[in-house]
file upload-v4.pdb (PDB, C-alpha atoms and all ligand atoms)
ATOM      1  CA  MET A 899       0.000   0.000   0.000  1.00  0.00           C
ATOM      2  CA  THR A 900       1.297   3.454  -0.812  1.00  0.00           C
ATOM      3  CA  THR A 901       1.461   6.194   1.811  1.00  0.00           C
ATOM      4  CA  LYS A 902      -1.370   7.926   0.019  1.00  0.00           C
ATOM      5  CA  GLU A 903      -3.581   4.841   0.211  1.00  0.00           C
ATOM      6  CA  ILE A 904      -2.701   4.341   3.867  1.00  0.00           C
ATOM      7  CA  ASN A 905      -3.643   7.932   4.645  1.00  0.00           C
ATOM      8  CA  ARG A 906      -6.904   7.532   2.802  1.00  0.00           C
ATOM      9  CA  LEU A 907      -7.732   4.398   4.820  1.00  0.00           C
ATOM     10  CA  ILE A 908      -6.847   6.081   8.104  1.00  0.00           C
ATOM     11  CA  HIS A 909      -9.022   9.014   7.183  1.00  0.00           C
ATOM     12  CA  LYS A 910     -11.904   6.678   6.401  1.00  0.00           C
ATOM     13  CA  ALA A 911     -11.414   4.839   9.702  1.00  0.00           C
ATOM     14  CA  GLU A 912     -11.326   8.108  11.643  1.00  0.00           C
ATOM     15  CA  GLN A 913     -14.536   9.248  10.021  1.00  0.00           C
ATOM     16  CA  LEU A 914     -16.226   5.979  10.944  1.00  0.00           C
ATOM     17  CA  CYS A 915     -14.999   6.277  14.530  1.00  0.00           C
ATOM     18  CA  ALA A 916     -16.320   9.819  14.772  1.00  0.00           C
ATOM     19  CA  LYS A 917     -19.681   8.679  13.477  1.00  0.00           C
ATOM     20  CA  ARG A 918     -19.797   5.845  16.034  1.00  0.00           C
ATOM     21  CA  GLY A 919     -18.572   7.997  18.893  1.00  0.00           C
ATOM     22  CA  ALA A 920     -15.463   5.823  19.233  1.00  0.00           C
ATOM     23  CA  ARG A 921     -12.110   7.348  19.957  1.00  0.00           C
ATOM     24  CA  MET A 922      -9.170   6.790  17.623  1.00  0.00           C
ATOM     25  CA  THR A 923      -6.344   7.623  20.034  1.00  0.00           C
ATOM     26  CA  PRO A 924      -2.823   8.309  18.731  1.00  0.00           C
ATOM     27  CA  ALA A 925      -1.674   4.805  19.781  1.00  0.00           C
ATOM     28  CA  ARG A 926      -4.624   3.150  18.023  1.00  0.00           C
ATOM     29  CA  ARG A 927      -4.001   5.258  14.949  1.00  0.00           C
ATOM     30  CA  GLU A 928      -0.346   4.296  14.993  1.00  0.00           C
ATOM     31  CA  VAL A 929      -1.166   0.564  15.209  1.00  0.00           C
ATOM     32  CA  PHE A 930      -3.664   0.967  12.374  1.00  0.00           C
ATOM     33  CA  GLU A 931      -0.980   2.621  10.275  1.00  0.00           C
ATOM     34  CA  LEU A 932       1.549  -0.118  11.051  1.00  0.00           C
ATOM     35  CA  LEU A 933      -0.946  -2.806  10.040  1.00  0.00           C
ATOM     36  CA  ALA A 934      -1.760  -0.925   6.862  1.00  0.00           C
ATOM     37  CA  SER A 935       1.881  -0.880   5.841  1.00  0.00           C
ATOM     38  CA  GLU A 936       2.224  -4.659   6.268  1.00  0.00           C
ATOM     39  CA  THR A 937       1.590  -6.893   3.288  1.00  0.00           C
ATOM     40  CA  GLY A 938       0.751  -9.943   5.384  1.00  0.00           C
ATOM     41  CA  ALA A 939      -0.313 -10.654   8.917  1.00  0.00           C
ATOM     42  CA  ILE A 940       1.809  -9.611  11.862  1.00  0.00           C
ATOM     43  CA  GLY A 941       2.035 -10.799  15.460  1.00  0.00           C
ATOM     44  CA  ALA A 942       1.344  -8.600  18.465  1.00  0.00           C
ATOM     45  CA  TYR A 943       4.942  -8.575  19.691  1.00  0.00           C
ATOM     46  CA  GLU A 944       6.324  -7.722  16.305  1.00  0.00           C
ATOM     47  CA  LEU A 945       3.810  -4.884  16.190  1.00  0.00           C
ATOM     48  CA  LEU A 946       4.891  -3.739  19.624  1.00  0.00           C
ATOM     49  CA  ASP A 947       8.502  -3.522  18.466  1.00  0.00           C
ATOM     50  CA  LYS A 948       7.468  -1.342  15.561  1.00  0.00           C
ATOM     51  CA  LEU A 949       5.158   0.755  17.692  1.00  0.00           C
ATOM     52  CA  LYS A 950       8.050   1.602  20.002  1.00  0.00           C
ATOM     53  CA  GLY A 951       9.526   3.621  17.152  1.00  0.00           C
ATOM     54  CA  ALA A 952       6.651   6.093  17.483  1.00  0.00           C
ATOM     55  CA  VAL A 953       5.564   5.461  21.080  1.00  0.00           C
ATOM     56  CA  PRO A 954       8.744   4.609  23.045  1.00  0.00           C
ATOM     57  CA  ASN A 955       6.918   3.720  26.272  1.00  0.00           C
ATOM     58  CA  ALA A 956       4.494   1.315  24.560  1.00  0.00           C
ATOM     59  CA  LYS A 957       3.881  -1.872  26.577  1.00  0.00           C
ATOM     60  CA  PRO A 958       2.080  -5.117  25.673  1.00  0.00           C
ATOM     61  CA  PRO A 959      -1.246  -3.838  27.108  1.00  0.00           C
ATOM     62  CA  THR A 960      -0.940  -0.793  24.824  1.00  0.00           C
ATOM     63  CA  ILE A 961      -0.845  -3.005  21.785  1.00  0.00           C
ATOM     64  CA  TYR A 962      -3.516  -5.440  22.983  1.00  0.00           C
ATOM     65  CA  ARG A 963      -5.916  -2.641  23.868  1.00  0.00           C
ATOM     66  CA  ALA A 964      -5.340  -1.016  20.490  1.00  0.00           C
ATOM     67  CA  LEU A 965      -5.856  -4.338  18.695  1.00  0.00           C
ATOM     68  CA  ASP A 966      -9.048  -5.046  20.664  1.00  0.00           C
ATOM     69  CA  PHE A 967     -10.377  -1.662  19.699  1.00  0.00           C
ATOM     70  CA  LEU A 968      -9.473  -2.058  16.039  1.00  0.00           C
ATOM     71  CA  GLN A 969     -11.091  -5.496  15.981  1.00  0.00           C
ATOM     72  CA  GLU A 970     -14.261  -4.177  17.626  1.00  0.00           C
ATOM     73  CA  GLN A 971     -14.461  -1.512  14.955  1.00  0.00           C
ATOM     74  CA  GLY A 972     -13.995  -4.162  12.272  1.00  0.00           C
ATOM     75  CA  PHE A 973     -10.760  -2.597  10.988  1.00  0.00           C
ATOM     76  CA  VAL A 974      -8.623  -5.598  11.803  1.00  0.00           C
ATOM     77  CA  HIS A 975      -9.061  -9.358  11.605  1.00  0.00           C
ATOM     78  CA  LYS A 976      -7.335 -11.743  13.933  1.00  0.00           C
ATOM     79  CA  ILE A 977      -5.890 -14.862  12.360  1.00  0.00           C
ATOM     80  CA  THR A 978      -6.353 -17.349  15.146  1.00  0.00           C
ATOM     81  CA  SER A 979      -4.257 -20.132  13.687  1.00  0.00           C
ATOM     82  CA  SER A 980      -1.117 -18.010  13.624  1.00  0.00           C
ATOM     83  CA  ASN A 981      -2.128 -15.598  16.381  1.00  0.00           C
ATOM     84  CA  SER A 982      -1.547 -12.602  14.180  1.00  0.00           C
ATOM     85  CA  TYR A 983      -3.451  -9.636  12.838  1.00  0.00           C
ATOM     86  CA  VAL A 984      -4.238  -8.248   9.446  1.00  0.00           C
ATOM     87  CA  LEU A 985      -5.896  -5.038   8.346  1.00  0.00           C
ATOM     88  CA  CYS A 986      -9.309  -5.478   6.783  1.00  0.00           C
ATOM     89  CA  SER A 987      -9.426  -4.111   3.280  1.00  0.00           C
ATOM     90  CA  HIS A 988     -13.147  -3.295   3.309  1.00  0.00           C
ATOM     91  CA  PHE A 989     -14.023  -2.386   6.844  1.00  0.00           C
ATOM     92  CA  ASP A 990     -16.988  -0.148   6.158  1.00  0.00           C
ATOM     93  CA  HIS A 991     -19.375  -3.067   6.308  1.00  0.00           C
ATOM     94  CA  GLN A 992     -19.613  -6.160   8.472  1.00  0.00           C
ATOM     95  CA  HIS A 993     -18.888  -9.282   6.515  1.00  0.00           C
ATOM     96  CA  PRO A 994     -17.994 -12.932   6.848  1.00  0.00           C
ATOM     97  CA  VAL A 995     -14.289 -13.434   6.464  1.00  0.00           C
ATOM     98  CA  GLN A 996     -12.443 -15.972   4.420  1.00  0.00           C
ATOM     99  CA  MET A 997      -8.718 -15.654   4.469  1.00  0.00           C
ATOM    100  CA  LEU A 998      -6.153 -17.209   2.194  1.00  0.00           C
ATOM    101  CA  ILE A 999      -2.939 -17.470   4.156  1.00  0.00           C
ATOM    102  CA  CYS A1000       0.343 -18.257   2.449  1.00  0.00           C
ATOM    103  CA  GLN A1001       2.392 -20.503   4.702  1.00  0.00           C
ATOM    104  CA  GLN A1002       5.588 -19.597   2.889  1.00  0.00           C
ATOM    105  CA  CYS A1003       5.652 -15.775   2.697  1.00  0.00           C
ATOM    106  CA  GLY A1004       2.879 -14.983   5.179  1.00  0.00           C
ATOM    107  CA  ASP A1005       0.805 -13.072   2.662  1.00  0.00           C
ATOM    108  CA  VAL A1006      -2.879 -12.852   3.570  1.00  0.00           C
ATOM    109  CA  GLN A1007      -5.665 -12.256   1.104  1.00  0.00           C
ATOM    110  CA  GLU A1008      -9.253 -11.748   2.049  1.00  0.00           C
ATOM    111  CA  ILE A1009     -12.005 -13.119  -0.102  1.00  0.00           C
ATOM    112  CA  GLN A1010     -15.734 -12.897   0.356  1.00  0.00           C
ATOM    113  CA  SER A1011     -17.765 -15.836  -0.767  1.00  0.00           C
ATOM    114  CA  ASP A1012     -21.450 -15.608  -0.010  1.00  0.00           C
ATOM    115  CA  GLY A1013     -21.849 -19.219  -1.112  1.00  0.00           C
ATOM    116  CA  VAL A1014     -19.513 -20.447   1.630  1.00  0.00           C
ATOM    117  CA  TYR A1015     -21.197 -18.221   4.174  1.00  0.00           C
ATOM    118  CA  GLU A1016     -24.711 -19.382   3.305  1.00  0.00           C
ATOM    119  CA  ALA A1017     -23.752 -23.062   3.190  1.00  0.00           C
ATOM    120  CA  LEU A1018     -22.123 -22.946   6.611  1.00  0.00           C
ATOM    121  CA  LYS A1019     -24.985 -20.963   8.101  1.00  0.00           C
ATOM    122  CA  LYS A1020     -27.562 -23.396   6.747  1.00  0.00           C
ATOM    123  CA  GLN A1021     -25.782 -26.451   8.071  1.00  0.00           C
ATOM    124  CA  ALA A1022     -25.233 -24.795  11.424  1.00  0.00           C
ATOM    125  CA  GLU A1023     -28.906 -23.938  11.637  1.00  0.00           C
ATOM    126  CA  ALA A1024     -29.771 -27.550  10.889  1.00  0.00           C
ATOM    127  CA  GLN A1025     -27.873 -28.327  14.120  1.00  0.00           C
ATOM    128  CA  GLY A1026     -29.824 -25.647  15.950  1.00  0.00           C
ATOM    129  CA  PHE A1027     -26.748 -23.438  16.026  1.00  0.00           C
ATOM    130  CA  ILE A1028     -26.993 -19.693  15.516  1.00  0.00           C
ATOM    131  CA  VAL A1029     -23.961 -18.276  13.729  1.00  0.00           C
ATOM    132  CA  GLU A1030     -22.939 -14.800  14.814  1.00  0.00           C
ATOM    133  CA  SER A1031     -19.713 -14.474  12.924  1.00  0.00           C
ATOM    134  CA  GLN A1032     -17.601 -16.574  10.623  1.00  0.00           C
ATOM    135  CA  THR A1033     -13.898 -16.614  10.010  1.00  0.00           C
ATOM    136  CA  ILE A1034     -12.469 -19.201   7.701  1.00  0.00           C
ATOM    137  CA  GLU A1035      -8.732 -19.570   7.390  1.00  0.00           C
ATOM    138  CA  ALA A1036      -7.316 -21.456   4.440  1.00  0.00           C
ATOM    139  CA  HIS A1037      -3.618 -22.303   4.419  1.00  0.00           C
ATOM    140  CA  GLY A1038      -1.544 -22.918   1.341  1.00  0.00           C
ATOM    141  CA  LEU A1039       0.701 -21.209  -1.164  1.00  0.00           C
ATOM    142  CA  CYS A1040       0.047 -17.836  -2.776  1.00  0.00           C
ATOM    143  CA  LYS A1041       0.447 -17.174  -6.486  1.00  0.00           C
ATOM    144  CA  ASN A1042       4.037 -15.972  -6.084  1.00  0.00           C
ATOM    145  CA  CYS A1043       5.144 -18.882  -3.918  1.00  0.00           C
ATOM    146  CA  ALA A1044       3.333 -21.564  -5.927  1.00  0.00           C
ATOM    147  CA  SER A1045       4.971 -20.653  -9.222  1.00  0.00           C
TER     148      SER A1045
HETATM  149 ZN    ZN B   1     -12.329  -7.827   6.210  1.00  0.00          ZN
HETATM  150 ZN    ZN B   2       3.458 -16.685  -0.574  1.00  0.00          ZN
END

call {"tool": "encode", "arguments": {"input": "upload-v4.pdb", "output": "structure tokens"}}
result
Amino acid sequence: MTTKEINRLIHKAEQLCAKRGARMTPARREVFELLASETGAIGAYELLDKLKGAVPNAKPPTIYRALDFLQEQGFVHKITSSNSYVLCSHFDHQHPVQMLICQQCGDVQEIQSDGVYEALKKQAEAQGFIVESQTIEAHGLCKNCAS
């Protein structure tokens, strides 16, 4: 992502926060910006190291609180299988998440398949289960690593 694109995303996120009455503090903004400049997913401690460049007294709770906030706002997805975080590319609407995770270079791509979402929801409902959110993580090789 170019600096211009990152700034545009941050601006969009700040506008959404303002509309929701949520507060984008400087630390949260900084974490958002760090995630935006990553191509793949990144772990909390790696993020903390980077955050220290801008916020020298940043501690683990600083990063976890910021990540919680960004997740609540739908700006960031957590990848449970690798315990890392990735910026959501279309955070202005709630959506089911399907992530393609490259196990070689760590690249993460988000796709949105309504078919997958509906199929899972239907089968869950057949079990009497109410789905509130869905995150599907697929592991494999990205285009660059597979060729
Ligand atoms: Zn997303
Ligand atoms: Zn790859």

call {"tool": "closest_residue", "arguments": {"input": "upload-v4.pdb", "among": "A:Ser980, A:Gln1007, A:Gln913, A:Thr960", "to": "ligand ZN 1 (chain B)", "atoms": "only C-alpha atoms and all ligand atoms"}}
result
A:Gln1007

call {"tool": "residues_around", "arguments": {"input": "upload-v4.pdb", "residues": "range 1013-1026 of chain A", "least_positions_apart": "5", "cutoff": "12 Å", "atoms": "all atoms listed in the file", "output": "ChimeraX atom specification"}}
result
/A:993-996,1031-1034

call {"tool": "write_last_selection", "arguments": {"input": "upload-v4.pdb", "atoms": "C-alpha atoms", "output": "mmCIF file, keeping the file's coordinate frame"}}
result
data_model
loop_
_atom_site.group_PDB
_atom_site.id
_atom_site.type_symbol
_atom_site.label_atom_id
_atom_site.label_comp_id
_atom_site.auth_asym_id
_atom_site.auth_seq_id
_atom_site.Cartn_x
_atom_site.Cartn_y
_atom_site.Cartn_z
ATOM 1 C CA HIS A 993 -18.888 -9.282 6.515
ATOM 2 C CA PRO A 994 -17.994 -12.932 6.848
ATOM 3 C CA VAL A 995 -14.289 -13.434 6.464
ATOM 4 C CA GLN A 996 -12.443 -15.972 4.420
ATOM 5 C CA SER A 1031 -19.713 -14.474 12.924
ATOM 6 C CA GLN A 1032 -17.601 -16.574 10.623
ATOM 7 C CA THR A 1033 -13.898 -16.614 10.010
ATOM 8 C CA ILE A 1034 -12.469 -19.201 7.701
#

call {"tool": "closest_atom_pairs", "arguments": {"input": "upload-v4.pdb", "of": "chain A", "to": "ligand ZN 1 (chain B)", "cutoff": "8 Å", "atoms": "only C-alpha atoms and all ligand atoms", "output": "JSON lines"}}
result
{"residue": "A:Gly972", "atom": "CA", "partner": "B:ZN1", "partner_atom": "ZN", "distance": 7.3}
{"residue": "A:Phe973", "atom": "CA", "partner": "B:ZN1", "partner_atom": "ZN", "distance": 7.3}
{"residue": "A:Val974", "atom": "CA", "partner": "B:ZN1", "partner_atom": "ZN", "distance": 7.1}
{"residue": "A:His975", "atom": "CA", "partner": "B:ZN1", "partner_atom": "ZN", "distance": 6.5}
{"residue": "A:Leu985", "atom": "CA", "partner": "B:ZN1", "partner_atom": "ZN", "distance": 7.3}
{"residue": "A:Cys986", "atom": "CA", "partner": "B:ZN1", "partner_atom": "ZN", "distance": 3.9}
{"residue": "A:Ser987", "atom": "CA", "partner": "B:ZN1", "partner_atom": "ZN", "distance": 5.6}
{"residue": "A:His988", "atom": "CA", "partner": "B:ZN1", "partner_atom": "ZN", "distance": 5.4}
{"residue": "A:Phe989", "atom": "CA", "partner": "B:ZN1", "partner_atom": "ZN", "distance": 5.7}
{"residue": "A:Gln992", "atom": "CA", "partner": "B:ZN1", "partner_atom": "ZN", "distance": 7.8}
{"residue": "A:His993", "atom": "CA", "partner": "B:ZN1", "partner_atom": "ZN", "distance": 6.7}
{"residue": "A:Pro994", "atom": "CA", "partner": "B:ZN1", "partner_atom": "ZN", "distance": 7.7}
{"residue": "A:Val995", "atom": "CA", "partner": "B:ZN1", "partner_atom": "ZN", "distance": 5.9}
{"residue": "A:Glu1008", "atom": "CA", "partner": "B:ZN1", "partner_atom": "ZN", "distance": 6.5}

call {"tool": "residues_around", "arguments": {"input": "upload-v4.pdb", "residues": "Arg963 in chain A", "least_positions_apart": "4", "cutoff": "12 Å", "atoms": "only C-alpha atoms", "output": "short mmCIF file (atom, residue, chain, number, x, y, z; two decimals) with C-alpha atoms, keeping the file's coordinate frame"}}
result
data_model
loop_
_atom_site.label_atom_id
_atom_site.label_comp_id
_atom_site.auth_asym_id
_atom_site.auth_seq_id
_atom_site.Cartn_x
_atom_site.Cartn_y
_atom_site.Cartn_z
CA MET A 922 -9.17 6.79 17.62
CA THR A 923 -6.34 7.62 20.03
CA ALA A 925 -1.67 4.80 19.78
CA ARG A 926 -4.62 3.15 18.02
CA VAL A 929 -1.17 0.56 15.21
CA ALA A 942 1.34 -8.60 18.46
CA LEU A 946 4.89 -3.74 19.62
CA ALA A 956 4.49 1.32 24.56
CA LYS A 957 3.88 -1.87 26.58
CA PRO A 958 2.08 -5.12 25.67
CA PRO A 959 -1.25 -3.84 27.11
CA PHE A 967 -10.38 -1.66 19.70
CA LEU A 968 -9.47 -2.06 16.04
CA GLN A 969 -11.09 -5.50 15.98
CA GLU A 970 -14.26 -4.18 17.63
#

call {"tool": "residues_near_ligand", "arguments": {"input": "upload-v4.pdb", "ligand": "ligand ZN 2 (chain B)", "cutoff": "6 Å", "atoms": "all atoms listed in the file", "output": "JSON list (two decimals) with C-alpha atoms, in the coordinates of the input"}}
result
[["chain", "number", "residue", "atom", "x", "y", "z"],
["A", 1000, "CYS", "CA", 0.34, -18.26, 2.45],
["A", 1002, "GLN", "CA", 5.59, -19.60, 2.89],
["A", 1003, "CYS", "CA", 5.65, -15.78, 2.70],
["A", 1005, "ASP", "CA", 0.80, -13.07, 2.66],
["A", 1039, "LEU", "CA", 0.70, -21.21, -1.16],
["A", 1040, "CYS", "CA", 0.05, -17.84, -2.78],
["A", 1042, "ASN", "CA", 4.04, -15.97, -6.08],
["A", 1043, "CYS", "CA", 5.14, -18.88, -3.92]]

call {"tool": "atom_distance", "arguments": {"input": "upload-v4.pdb", "atom1": "CA of Tyr962 in chain A", "atom2": "CA of Glu912 in chain A"}}
result
19.3 Å

call {"tool": "residues_around", "arguments": {"input": "upload-v4.pdb", "residues": "range 935-938 of chain A", "least_positions_apart": "4", "cutoff": "7 Å", "atoms": "all atoms listed in the file", "output": "list in words"}}
result
Met899, Glu931, Val984, Gly1004, Asp1005 and Val1006 of chain A

call {"tool": "residues_near_point", "arguments": {"input": "upload-v4.pdb", "point": "(5.7, 3.2, 16.0)", "cutoff": "10 Å", "atoms": "only C-alpha atoms", "output": "PyMOL selection string"}}
result
chain A and resi 925+927-929+931-932+945-954+956

call {"tool": "residues_around", "arguments": {"input": "upload-v4.pdb", "residues": "Ser982 in chain A", "least_positions_apart": "6", "cutoff": "6 Å", "atoms": "all atoms listed in the file", "output": "PyMOL selection string"}}
result
chain A and resi 939-941+976

call {"tool": "axis_aligned_box", "arguments": {"input": "upload-v4.pdb", "around": "range 982-991 of chain A", "padding_each_side": "6 Å", "output": "JSON"}}
result
{"center_x": -10.5, "center_y": -6.4, "center_z": 8.7, "size_x": 29.8, "size_y": 24.5, "size_z": 22.9}

call {"tool": "residues_near_point", "arguments": {"input": "upload-v4.pdb", "point": "(-9.7, -20.7, -0.2)", "cutoff": "8 Å", "atoms": "all atoms listed in the file", "output": "number ranges by chain"}}
result
A: 996-998, 1009, 1035-1037

call {"tool": "closest_residue", "arguments": {"input": "upload-v4.pdb", "among": "A:Asp966, A:Asn981, A:Phe1027, A:Lys910", "to": "Tyr943 in chain A", "atoms": "only C-alpha atoms"}}
result
A:Asn981

call {"tool": "atom_distance", "arguments": {"input": "upload-v4.pdb", "atom1": "CA of Ile908 in chain A", "atom2": "CA of Phe930 in chain A"}}
result
7.4 Å

call {"tool": "atom_distance", "arguments": {"input": "upload-v4.pdb", "atom1": "CA of Tyr983 in chain A", "atom2": "CA of Ala934 in chain A"}}
result
10.7 Å

call {"tool": "closest_residue", "arguments": {"input": "upload-v4.pdb", "among": "A:Ser1045, A:Ser1011, A:Asn905, A:Thr978", "to": "Ile999 in chain A", "atoms": "only C-alpha atoms"}}
result
A:Thr978
